$ cat coords.cif   # mmCIF, C-alpha atoms
data_query
#
loop_
_atom_site.group_PDB
_atom_site.id
_atom_site.type_symbol
_atom_site.label_atom_id
_atom_site.label_comp_id
_atom_site.auth_asym_id
_atom_site.auth_seq_id
_atom_site.Cartn_x
_atom_site.Cartn_y
_atom_site.Cartn_z
ATOM 1 C CA MET P 685 -12.074 19.101 76.321
ATOM 2 C CA SER P 686 -14.103 22.209 77.098
ATOM 3 C CA ASP P 687 -13.961 25.235 74.784
ATOM 4 C CA ALA P 688 -14.306 27.583 77.772
ATOM 5 C CA PRO P 689 -11.133 28.931 79.418
ATOM 6 C CA GLU P 690 -10.622 27.509 82.874
ATOM 7 C CA ASP P 691 -8.017 27.596 85.589
ATOM 8 C CA ILE P 692 -6.261 24.310 86.285
ATOM 9 C CA GLN P 693 -3.854 23.378 89.022
ATOM 10 C CA GLY P 694 -0.106 23.210 88.539
ATOM 11 C CA GLY P 695 2.810 24.424 90.619
ATOM 12 C CA ASP P 696 2.890 27.233 93.145
ATOM 13 C CA ALA P 697 0.261 29.809 92.188
ATOM 14 C CA GLN P 698 2.599 32.540 93.385
ATOM 15 C CA ASP P 699 5.272 31.564 90.840
ATOM 16 C CA VAL P 700 3.393 29.837 88.030
ATOM 17 C CA SER P 701 -0.157 30.039 86.732
ATOM 18 C CA VAL P 702 -1.910 27.738 84.288
ATOM 19 C CA HIS P 703 -5.102 28.325 82.395
ATOM 20 C CA GLN P 704 -6.747 26.514 79.525
ATOM 21 C CA GLU P 705 -7.989 27.841 76.213
ATOM 22 C CA ARG P 706 -9.798 24.961 74.518
ATOM 23 C CA ASP P 707 -7.225 22.187 74.034
ATOM 24 C CA VAL P 708 -4.245 24.455 74.737
ATOM 25 C CA ALA P 709 -2.842 25.409 78.141
ATOM 26 C CA VAL P 710 -0.966 28.631 78.862
ATOM 27 C CA VAL P 711 1.715 28.185 81.513
ATOM 28 C CA THR P 712 2.952 31.519 82.838
ATOM 29 C CA LEU P 713 6.001 32.300 84.937
ATOM 30 C CA ARG P 714 4.989 35.051 87.359
ATOM 31 C CA ARG P 715 8.254 36.388 88.744
ATOM 32 C CA PRO P 716 8.471 39.790 87.029
ATOM 33 C CA PRO P 717 10.282 41.774 85.924
ATOM 34 C CA HIS P 718 12.883 39.207 84.836
ATOM 35 C CA ASN P 719 11.476 35.803 85.917
ATOM 36 C CA LEU P 720 14.751 34.646 87.432
ATOM 37 C CA LEU P 721 14.768 30.931 88.166
ATOM 38 C CA THR P 722 15.415 29.065 91.391
ATOM 39 C CA GLU P 723 14.940 25.352 92.026
ATOM 40 C CA PRO P 724 11.481 25.878 93.637
ATOM 41 C CA VAL P 725 10.318 28.080 90.742
ATOM 42 C CA LEU P 726 11.588 25.618 88.122
ATOM 43 C CA ARG P 727 9.979 22.763 90.063
ATOM 44 C CA ALA P 728 6.661 24.643 90.054
ATOM 45 C CA LEU P 729 6.988 25.129 86.298
ATOM 46 C CA ALA P 730 7.807 21.438 85.724
ATOM 47 C CA ASP P 731 4.900 20.397 87.974
ATOM 48 C CA ALA P 732 2.554 22.612 85.987
ATOM 49 C CA ILE P 733 3.740 21.177 82.680
ATOM 50 C CA HIS P 734 3.415 17.579 83.837
ATOM 51 C CA GLY P 735 -0.041 18.365 85.187
ATOM 52 C CA LEU P 736 -1.152 18.851 81.572
ATOM 53 C CA ARG P 737 -1.035 15.137 80.760
ATOM 54 C CA GLY P 738 -4.517 14.176 79.571
ATOM 55 C CA VAL P 739 -5.691 17.766 80.067
ATOM 56 C CA ALA P 740 -4.200 19.674 77.120
ATOM 57 C CA ARG P 741 -2.868 18.775 73.686
ATOM 58 C CA ALA P 742 -0.263 21.548 73.571
ATOM 59 C CA ALA P 743 0.927 24.407 75.758
ATOM 60 C CA VAL P 744 2.413 27.876 75.573
ATOM 61 C CA VAL P 745 5.205 28.708 78.028
ATOM 62 C CA CYS P 746 5.328 32.438 78.674
ATOM 63 C CA SER P 747 6.035 34.935 81.444
ATOM 64 C CA GLU P 748 5.029 38.259 82.919
ATOM 65 C CA GLY P 749 7.308 41.288 82.918
ATOM 66 C CA ARG P 750 10.168 42.710 80.860
ATOM 67 C CA SER P 751 12.072 39.453 80.308
ATOM 68 C CA PHE P 752 11.024 35.946 79.384
ATOM 69 C CA CYS P 753 13.667 34.653 81.791
ATOM 70 C CA ALA P 754 16.984 36.362 82.543
ATOM 71 C CA GLY P 755 18.564 33.225 84.012
ATOM 72 C CA ALA P 756 19.155 31.860 87.489
ATOM 73 C CA ASN P 757 18.521 34.011 90.553
ATOM 74 C CA PHE P 758 21.884 34.367 92.312
ATOM 75 C CA ARG P 759 20.386 36.742 94.875
ATOM 76 C CA SER P 760 17.936 34.146 96.205
ATOM 77 C CA GLY P 761 18.500 32.143 99.367
ATOM 78 C CA ASP P 762 17.922 29.089 97.160
ATOM 79 C CA ALA P 763 20.759 30.074 94.807
ATOM 80 C CA PRO P 764 23.923 27.949 94.539
ATOM 81 C CA ASP P 765 26.959 29.550 96.165
ATOM 82 C CA PRO P 766 29.634 30.131 93.464
ATOM 83 C CA THR P 767 32.293 30.250 96.186
ATOM 84 C CA ASP P 768 31.454 26.769 97.575
ATOM 85 C CA HIS P 769 32.048 23.625 95.472
ATOM 86 C CA GLY P 770 29.775 21.365 97.535
ATOM 87 C CA ASP P 771 26.920 23.826 97.879
ATOM 88 C CA PHE P 772 27.047 24.717 94.186
ATOM 89 C CA GLU P 773 27.005 21.063 93.129
ATOM 90 C CA ALA P 774 24.104 20.103 95.409
ATOM 91 C CA ARG P 775 21.880 23.066 94.651
ATOM 92 C CA THR P 776 22.582 23.142 90.924
ATOM 93 C CA GLY P 777 22.079 19.379 90.708
ATOM 94 C CA ALA P 778 18.617 19.770 92.244
ATOM 95 C CA PHE P 779 17.890 22.589 89.783
ATOM 96 C CA TYR P 780 18.874 20.402 86.842
ATOM 97 C CA GLU P 781 16.636 17.576 88.029
ATOM 98 C CA GLN P 782 13.724 19.916 87.425
ATOM 99 C CA ALA P 783 15.159 21.038 84.085
ATOM 100 C CA VAL P 784 15.158 17.406 82.909
ATOM 101 C CA ARG P 785 11.463 17.218 83.803
ATOM 102 C CA VAL P 786 10.779 20.157 81.456
ATOM 103 C CA PHE P 787 12.506 18.257 78.651
ATOM 104 C CA GLU P 788 10.216 15.313 79.504
ATOM 105 C CA SER P 789 7.065 17.389 78.958
ATOM 106 C CA PRO P 790 4.080 15.202 78.022
ATOM 107 C CA VAL P 791 2.767 17.811 75.536
ATOM 108 C CA PRO P 792 4.315 19.991 72.820
ATOM 109 C CA LEU P 793 5.537 23.323 74.205
ATOM 110 C CA VAL P 794 5.717 26.664 72.393
ATOM 111 C CA ALA P 795 7.872 29.298 74.105
ATOM 112 C CA ALA P 796 6.676 32.906 73.849
ATOM 113 C CA VAL P 797 9.774 35.048 74.435
ATOM 114 C CA GLN P 798 9.647 38.744 75.216
ATOM 115 C CA GLY P 799 12.749 40.684 76.142
ATOM 116 C CA ALA P 800 15.713 38.664 77.365
ATOM 117 C CA ALA P 801 16.218 34.907 77.451
ATOM 118 C CA ILE P 802 19.592 34.570 79.149
ATOM 119 C CA GLY P 803 21.440 31.491 80.431
ATOM 120 C CA ALA P 804 18.815 29.195 81.946
ATOM 121 C CA GLY P 805 16.204 31.302 80.134
ATOM 122 C CA LEU P 806 17.765 30.354 76.794
ATOM 123 C CA GLY P 807 17.937 26.764 78.048
ATOM 124 C CA LEU P 808 14.223 26.858 78.897
ATOM 125 C CA ALA P 809 13.312 28.238 75.472
ATOM 126 C CA LEU P 810 15.306 25.473 73.751
ATOM 127 C CA ALA P 811 13.685 22.806 75.932
ATOM 128 C CA CYS P 812 10.428 23.745 74.212
ATOM 129 C CA ASP P 813 9.464 22.354 70.804
ATOM 130 C CA LEU P 814 8.970 25.742 69.127
ATOM 131 C CA CYS P 815 9.781 29.355 69.933
ATOM 132 C CA VAL P 816 8.153 32.693 69.119
ATOM 133 C CA VAL P 817 10.121 35.863 69.934
ATOM 134 C CA GLY P 818 9.203 39.541 69.909
ATOM 135 C CA GLU P 819 11.213 41.694 67.524
ATOM 136 C CA LEU P 820 13.063 43.384 70.403
ATOM 137 C CA GLY P 821 13.756 40.091 72.198
ATOM 138 C CA TRP P 822 17.212 38.564 72.486
ATOM 139 C CA PHE P 823 19.053 35.438 73.594
ATOM 140 C CA GLN P 824 22.375 35.019 75.365
ATOM 141 C CA ALA P 825 24.462 32.169 76.768
ATOM 142 C CA ASN P 826 26.413 34.376 79.175
ATOM 143 C CA PHE P 827 28.110 31.686 81.283
ATOM 144 C CA VAL P 828 31.732 32.490 80.390
ATOM 145 C CA ARG P 829 31.039 36.070 81.436
ATOM 146 C CA LEU P 830 30.112 34.714 84.858
ATOM 147 C CA GLY P 831 33.227 32.568 85.096
ATOM 148 C CA ILE P 832 31.283 29.306 84.909
ATOM 149 C CA HIS P 833 30.641 26.493 82.430
ATOM 150 C CA PRO P 834 27.432 26.532 80.338
ATOM 151 C CA GLY P 835 24.470 24.639 81.792
ATOM 152 C CA PHE P 836 20.792 23.704 81.306
ATOM 153 C CA ALA P 837 21.943 21.250 78.579
ATOM 154 C CA LEU P 838 22.920 24.129 76.266
ATOM 155 C CA SER P 839 26.094 22.241 75.319
ATOM 156 C CA THR P 840 23.715 19.767 73.624
ATOM 157 C CA THR P 841 20.614 21.731 72.645
ATOM 158 C CA LEU P 842 22.283 24.791 71.142
ATOM 159 C CA PRO P 843 24.446 22.851 68.608
ATOM 160 C CA ARG P 844 21.377 20.750 67.779
ATOM 161 C CA VAL P 845 19.436 23.907 66.885
ATOM 162 C CA VAL P 846 21.992 26.283 65.334
ATOM 163 C CA GLY P 847 24.858 23.962 64.395
ATOM 164 C CA PRO P 848 28.203 23.435 66.130
ATOM 165 C CA GLY P 849 29.965 26.509 64.749
ATOM 166 C CA ARG P 850 27.305 29.033 65.720
ATOM 167 C CA ALA P 851 26.837 27.305 69.071
ATOM 168 C CA ALA P 852 30.562 27.502 69.766
ATOM 169 C CA GLU P 853 30.539 31.218 68.964
ATOM 170 C CA MET P 854 27.595 31.893 71.279
ATOM 171 C CA LEU P 855 28.962 29.778 74.131
ATOM 172 C CA LEU P 856 32.581 30.954 73.903
ATOM 173 C CA THR P 857 31.854 34.667 73.463
ATOM 174 C CA GLY P 858 28.660 34.988 75.472
ATOM 175 C CA ARG P 859 27.371 37.547 72.978
ATOM 176 C CA ARG P 860 23.741 38.534 72.504
ATOM 177 C CA VAL P 861 21.729 37.169 69.604
ATOM 178 C CA VAL P 862 18.910 39.554 68.710
ATOM 179 C CA ALA P 863 15.511 38.386 67.495
ATOM 180 C CA ALA P 864 16.125 38.809 63.771
ATOM 181 C CA GLU P 865 19.290 36.714 63.903
ATOM 182 C CA ALA P 866 17.608 34.180 66.185
ATOM 183 C CA GLY P 867 14.958 33.707 63.527
ATOM 184 C CA ARG P 868 17.562 33.265 60.785
ATOM 185 C CA ILE P 869 19.610 30.652 62.645
ATOM 186 C CA GLY P 870 16.699 28.640 64.023
ATOM 187 C CA ILE P 871 16.486 29.558 67.699
ATOM 188 C CA ALA P 872 13.048 31.030 66.996
ATOM 189 C CA GLN P 873 10.565 29.867 64.387
ATOM 190 C CA ARG P 874 8.647 33.153 64.361
ATOM 191 C CA VAL P 875 9.727 36.759 64.966
ATOM 192 C CA VAL P 876 6.706 38.942 65.690
ATOM 193 C CA PRO P 877 5.905 42.525 66.769
ATOM 194 C CA ASP P 878 6.514 43.127 70.456
ATOM 195 C CA GLY P 879 3.408 42.326 72.456
ATOM 196 C CA ASP P 880 2.195 39.658 69.994
ATOM 197 C CA GLU P 881 4.398 36.830 71.340
ATOM 198 C CA VAL P 882 1.740 35.017 73.374
ATOM 199 C CA ASP P 883 -1.015 35.454 70.780
ATOM 200 C CA VAL P 884 1.139 34.020 67.988
ATOM 201 C CA ALA P 885 2.459 31.215 70.210
ATOM 202 C CA LEU P 886 -1.138 30.411 71.147
ATOM 203 C CA GLU P 887 -2.097 30.234 67.464
ATOM 204 C CA MET P 888 0.796 27.816 66.822
ATOM 205 C CA ALA P 889 -0.152 25.673 69.814
ATOM 206 C CA GLN P 890 -3.779 25.601 68.673
ATOM 207 C CA GLN P 891 -2.663 24.460 65.216
ATOM 208 C CA ILE P 892 -0.743 21.618 66.896
ATOM 209 C CA ALA P 893 -3.812 20.774 68.990
ATOM 210 C CA THR P 894 -6.003 20.386 65.888
ATOM 211 C CA GLY P 895 -3.815 17.543 64.617
ATOM 212 C CA ALA P 896 -4.622 13.905 65.329
ATOM 213 C CA PRO P 897 -3.382 13.457 68.928
ATOM 214 C CA LEU P 898 -1.742 10.069 68.387
ATOM 215 C CA ALA P 899 -0.034 11.244 65.195
ATOM 216 C CA VAL P 900 1.201 14.455 66.848
ATOM 217 C CA SER P 901 2.542 12.470 69.791
ATOM 218 C CA ALA P 902 4.281 9.945 67.554
ATOM 219 C CA THR P 903 5.796 12.665 65.361
ATOM 220 C CA ARG P 904 7.025 14.585 68.400
ATOM 221 C CA THR P 905 8.541 11.420 69.855
ATOM 222 C CA THR P 906 10.469 10.907 66.626
ATOM 223 C CA LEU P 907 11.629 14.535 66.437
ATOM 224 C CA ARG P 908 12.741 14.573 70.078
ATOM 225 C CA HIS P 909 14.132 11.029 70.109
ATOM 226 C CA GLY P 910 16.756 10.785 72.814
ATOM 227 C CA LEU P 911 16.593 14.508 73.637
ATOM 228 C CA ALA P 912 15.612 14.168 77.300
ATOM 229 C CA ASP P 913 18.268 11.497 77.859
ATOM 230 C CA ALA P 914 20.863 13.607 76.041
ATOM 231 C CA ALA P 915 19.880 16.645 78.118
ATOM 232 C CA ARG P 916 20.182 14.643 81.338
ATOM 233 C CA GLU P 917 23.657 13.426 80.385
ATOM 234 C CA ALA P 918 24.700 16.908 79.234
ATOM 235 C CA MET P 919 23.623 18.418 82.545
ATOM 236 C CA ARG P 920 25.482 15.712 84.457
ATOM 237 C CA HIS P 921 28.686 16.713 82.667
ATOM 238 C CA GLU P 922 27.927 20.443 82.832
ATOM 239 C CA LEU P 923 27.317 20.181 86.574
ATOM 240 C CA ALA P 924 30.686 18.511 87.118
ATOM 241 C CA GLU P 925 32.440 21.258 85.168
ATOM 242 C CA GLN P 926 30.491 24.010 86.903
ATOM 243 C CA ALA P 927 31.189 22.564 90.354
ATOM 244 C CA ALA P 928 34.902 22.320 89.518
ATOM 245 C CA LEU P 929 34.923 26.041 88.701
ATOM 246 C CA ALA P 930 32.924 27.017 91.796
ATOM 247 C CA GLY P 931 35.203 28.742 94.256
ATOM 248 C CA THR P 932 37.706 29.905 91.629
ATOM 249 C CA ALA P 933 38.524 33.595 91.728
ATOM 250 C CA ASP P 934 37.021 34.099 88.275
ATOM 251 C CA ALA P 935 33.684 32.499 89.203
ATOM 252 C CA VAL P 936 33.443 34.611 92.340
ATOM 253 C CA GLU P 937 34.358 37.745 90.370
ATOM 254 C CA GLY P 938 31.973 36.950 87.503
ATOM 255 C CA VAL P 939 28.907 36.486 89.698
ATOM 256 C CA ARG P 940 29.848 39.449 91.905
ATOM 257 C CA ALA P 941 30.285 41.697 88.859
ATOM 258 C CA MET P 942 26.911 40.609 87.495
ATOM 259 C CA LEU P 943 25.196 41.363 90.812
ATOM 260 C CA GLU P 944 26.957 44.751 90.994
ATOM 261 C CA GLY P 945 26.124 45.652 87.394
ATOM 262 C CA ARG P 946 29.716 46.066 86.193
ATOM 263 C CA ASP P 947 32.154 44.372 83.821
ATOM 264 C CA PRO P 948 34.145 41.531 85.403
ATOM 265 C CA ALA P 949 37.921 41.591 85.695
ATOM 266 C CA PHE P 950 39.019 37.997 85.168
ATOM 267 C CA GLU P 951 42.514 36.788 86.055
ATOM 268 C CA GLY P 952 42.435 33.147 84.955
ATOM 269 C CA ARG P 953 42.515 31.643 88.423
#
$ encode --input "coords.cif" --output "structure tokens"
Amino acid sequence: MSDAPEDIQGGDAQDVSVHQERDVAVVTLRRPPHNLLTEPVLRALADAIHGLRGVARAAVVCSEGRSFCAGANFRSGDAPDPTDHGDFEARTGAFYEQAVRVFESPVPLVAAVQGAAIGAGLGLALACDLCVVGELGWFQANFVRLGIHPGFALSTTLPRVVGPGRAAEMLLTGRRVVAAEAGRIGIAQRVVPDGDEVDVALEMAQQIATGAPLAVSATRTTLRHGLADAAREAMRHELAEQAALAGTADAVEGVRAMLEGRDPAFEGR
């Protein structure tokens, strides 16, 4: 592989860019300021990652703007309708098909998290092999505050990373976990000064890339054994629960409150 940086193809250039630095690719979400996800954006990201097979030995997943990824974009025309069971199930199911493809990445992924990683953004970070976060970054599984069930396989990946008790607390309360705590409990492997996230993630990815490729691949296969299948099954169950809640008064209120920037008033119906 060439030592010179070069642009390589992958996904929609408007949403995702990919460039190579020696044996490491940098895959960048370009939907600032918050890099909210829709099915087309997630598909572009998954396409870019799968385009690295035989091209890179490791990759950094990062983004432009204030937030790494603040979750799904409920304002988009591609967004699932929380008031419509059928629409929510179909659109979210298509979204999760692309999420599974991220879990099936052919190369090790290092997430470089600045600012917020909320909901699907937390799910994306945990789909990666390693995570670097800036010292002012934070993570949140905010689903119950939207009146919906957790998704993006967080019901499986979060307990795997932080343990069942901490995962239950995060998922049931929806509270923020700041960078320092995220480093202590294992969500992030490195906490770094703000602005250094990509550089440090790139160093980690380059260290991975210097290892024997077959040995790295075999080790990663062992470490992630069954993860993609478990994520697929988790999202199948999560989707069923989310679709069942779509159209409830609380789900409508939760999403509306989020869009209006206010606290929700849930009634349990």
$ resolve_selection --input "coords.cif" --expression "the PyMOL selection byres ((chain P and resi 710) around 6)" --output "ChimeraX atom specification"
/P:702-703,709,711,743-744
$ resolve_selection --input "coords.cif" --expression "the PyMOL selection byres ((chain P and resi 741) around 7)" --output "list in words"
Asp707, Val708, Ala740, Ala742, Val791 and Ala893 of chain P
$ closest_residue --input "coords.cif" --among "P:Thr841, P:Thr776, P:Gln873, P:Asn719" --to "Gly799 of chain P" --atoms "all atoms listed in the file"
P:Asn719
$ closest_residue --input "coords.cif" --among "P:Leu721, P:Ala796, P:Gly738, P:Gly807" --to "Ser760 of chain P" --atoms "all atoms listed in the file"
P:Leu721
$ atom_distance --input "coords.cif" --atom1 "atom CA of Ala872 of chain P" --atom2 "atom CA of Ala804 of chain P"
16.1 Å
$ atom_distance --input "coords.cif" --atom1 "atom CA of Pro897 of chain P" --atom2 "atom CA of Asp880 of chain P"
26.8 Å
$ residues_around --input "coords.cif" --residues "Thr905 of chain P" --least-positions-apart "4" --cutoff "12 Å" --atoms "all atoms listed in the file" --output "PyMOL selection string"
chain P and resi 787-792+813+898-901+909-912
$ decode --input "coords.cif" --residues "segment 904-934 of chain P" --atoms "N, CA and C atoms" --output "JSON list (two decimals), in the first residue's frame"
[["chain", "number", "residue", "atom", "x", "y", "z"],
["P", 904, "ARG", "N", -8.94, -10.38, 15.88],
["P", 904, "ARG", "CA", -10.20, -9.61, 15.86],
["P", 904, "ARG", "C", -11.40, -10.53, 15.70],
["P", 905, "THR", "N", -11.27, -11.56, 14.88],
["P", 905, "THR", "CA", -12.37, -12.51, 14.71],
["P", 905, "THR", "C", -12.70, -13.19, 16.03],
["P", 906, "THR", "N", -11.67, -13.54, 16.80],
["P", 906, "THR", "CA", -11.90, -14.16, 18.09],
["P", 906, "THR", "C", -12.57, -13.17, 19.05],
["P", 907, "LEU", "N", -12.05, -11.95, 19.12],
["P", 907, "LEU", "CA", -12.59, -10.96, 20.04],
["P", 907, "LEU", "C", -14.04, -10.59, 19.72],
["P", 908, "ARG", "N", -14.39, -10.58, 18.43],
["P", 908, "ARG", "CA", -15.72, -10.17, 18.02],
["P", 908, "ARG", "C", -16.59, -11.37, 17.65],
["P", 909, "HIS", "N", -16.20, -12.55, 18.11],
["P", 909, "HIS", "CA", -16.92, -13.77, 17.73],
["P", 909, "HIS", "C", -18.41, -13.64, 18.05],
["P", 910, "GLY", "N", -19.22, -13.79, 17.03],
["P", 910, "GLY", "CA", -20.66, -13.76, 17.22],
["P", 910, "GLY", "C", -21.26, -12.38, 17.38],
["P", 911, "LEU", "N", -20.43, -11.32, 17.37],
["P", 911, "LEU", "CA", -20.95, -9.98, 17.66],
["P", 911, "LEU", "C", -21.92, -9.50, 16.58],
["P", 912, "ALA", "N", -21.57, -9.65, 15.32],
["P", 912, "ALA", "CA", -22.46, -9.18, 14.25],
["P", 912, "ALA", "C", -23.78, -9.94, 14.29],
["P", 913, "ASP", "N", -23.72, -11.25, 14.51],
["P", 913, "ASP", "CA", -24.96, -12.04, 14.60],
["P", 913, "ASP", "C", -25.79, -11.61, 15.81],
["P", 914, "ALA", "N", -25.10, -11.38, 16.94],
["P", 914, "ALA", "CA", -25.81, -10.94, 18.14],
["P", 914, "ALA", "C", -26.43, -9.56, 17.93],
["P", 915, "ALA", "N", -25.72, -8.68, 17.23],
["P", 915, "ALA", "CA", -26.25, -7.35, 16.95],
["P", 915, "ALA", "C", -27.46, -7.44, 16.04],
["P", 916, "ARG", "N", -27.39, -8.30, 15.04],
["P", 916, "ARG", "CA", -28.53, -8.48, 14.13],
["P", 916, "ARG", "C", -29.76, -8.97, 14.89],
["P", 917, "GLU", "N", -29.58, -9.94, 15.76],
["P", 917, "GLU", "CA", -30.70, -10.47, 16.53],
["P", 917, "GLU", "C", -31.21, -9.44, 17.53],
["P", 918, "ALA", "N", -30.29, -8.68, 18.14],
["P", 918, "ALA", "CA", -30.71, -7.64, 19.08],
["P", 918, "ALA", "C", -31.56, -6.59, 18.36],
["P", 919, "MET", "N", -31.13, -6.19, 17.18],
["P", 919, "MET", "CA", -31.88, -5.16, 16.45],
["P", 919, "MET", "C", -33.22, -5.69, 15.95],
["P", 920, "ARG", "N", -33.30, -6.98, 15.68],
["P", 920, "ARG", "CA", -34.59, -7.56, 15.30],
["P", 920, "ARG", "C", -35.57, -7.43, 16.47],
["P", 921, "HIS", "N", -35.11, -7.75, 17.68],
["P", 921, "HIS", "CA", -35.97, -7.62, 18.85],
["P", 921, "HIS", "C", -36.24, -6.16, 19.17],
["P", 922, "GLU", "N", -35.20, -5.32, 19.13],
["P", 922, "GLU", "CA", -35.38, -3.90, 19.43],
["P", 922, "GLU", "C", -36.39, -3.26, 18.47],
["P", 923, "LEU", "N", -36.30, -3.64, 17.20],
["P", 923, "LEU", "CA", -37.23, -3.08, 16.21],
["P", 923, "LEU", "C", -38.67, -3.45, 16.55],
["P", 924, "ALA", "N", -38.89, -4.69, 16.94],
["P", 924, "ALA", "CA", -40.25, -5.11, 17.30],
["P", 924, "ALA", "C", -40.77, -4.30, 18.48],
["P", 925, "GLU", "N", -39.93, -4.08, 19.47],
["P", 925, "GLU", "CA", -40.34, -3.30, 20.64],
["P", 925, "GLU", "C", -40.56, -1.83, 20.26],
["P", 926, "GLN", "N", -39.67, -1.29, 19.45],
["P", 926, "GLN", "CA", -39.82, 0.10, 19.04],
["P", 926, "GLN", "C", -41.09, 0.30, 18.21],
["P", 927, "ALA", "N", -41.35, -0.63, 17.29],
["P", 927, "ALA", "CA", -42.54, -0.51, 16.45],
["P", 927, "ALA", "C", -43.81, -0.61, 17.30],
["P", 928, "ALA", "N", -43.77, -1.46, 18.33],
["P", 928, "ALA", "CA", -44.94, -1.59, 19.21],
["P", 928, "ALA", "C", -45.23, -0.29, 19.96],
["P", 929, "LEU", "N", -44.18, 0.48, 20.25],
["P", 929, "LEU", "CA", -44.35, 1.73, 20.97],
["P", 929, "LEU", "C", -44.67, 2.90, 20.04],
["P", 930, "ALA", "N", -44.38, 2.74, 18.74],
["P", 930, "ALA", "CA", -44.68, 3.80, 17.79],
["P", 930, "ALA", "C", -46.18, 4.08, 17.78],
["P", 931, "GLY", "N", -46.53, 5.32, 17.83],
["P", 931, "GLY", "CA", -47.94, 5.69, 17.85],
["P", 931, "GLY", "C", -48.49, 5.87, 19.25],
["P", 932, "THR", "N", -47.78, 5.41, 20.29],
["P", 932, "THR", "CA", -48.25, 5.69, 21.65],
["P", 932, "THR", "C", -48.09, 7.18, 21.94],
["P", 933, "ALA", "N", -48.90, 7.66, 22.87],
["P", 933, "ALA", "CA", -48.85, 9.08, 23.20],
["P", 933, "ALA", "C", -47.47, 9.48, 23.72],
["P", 934, "ASP", "N", -46.83, 8.59, 24.47],
["P", 934, "ASP", "CA", -45.52, 8.93, 25.03],
["P", 934, "ASP", "C", -44.46, 9.04, 23.93]]
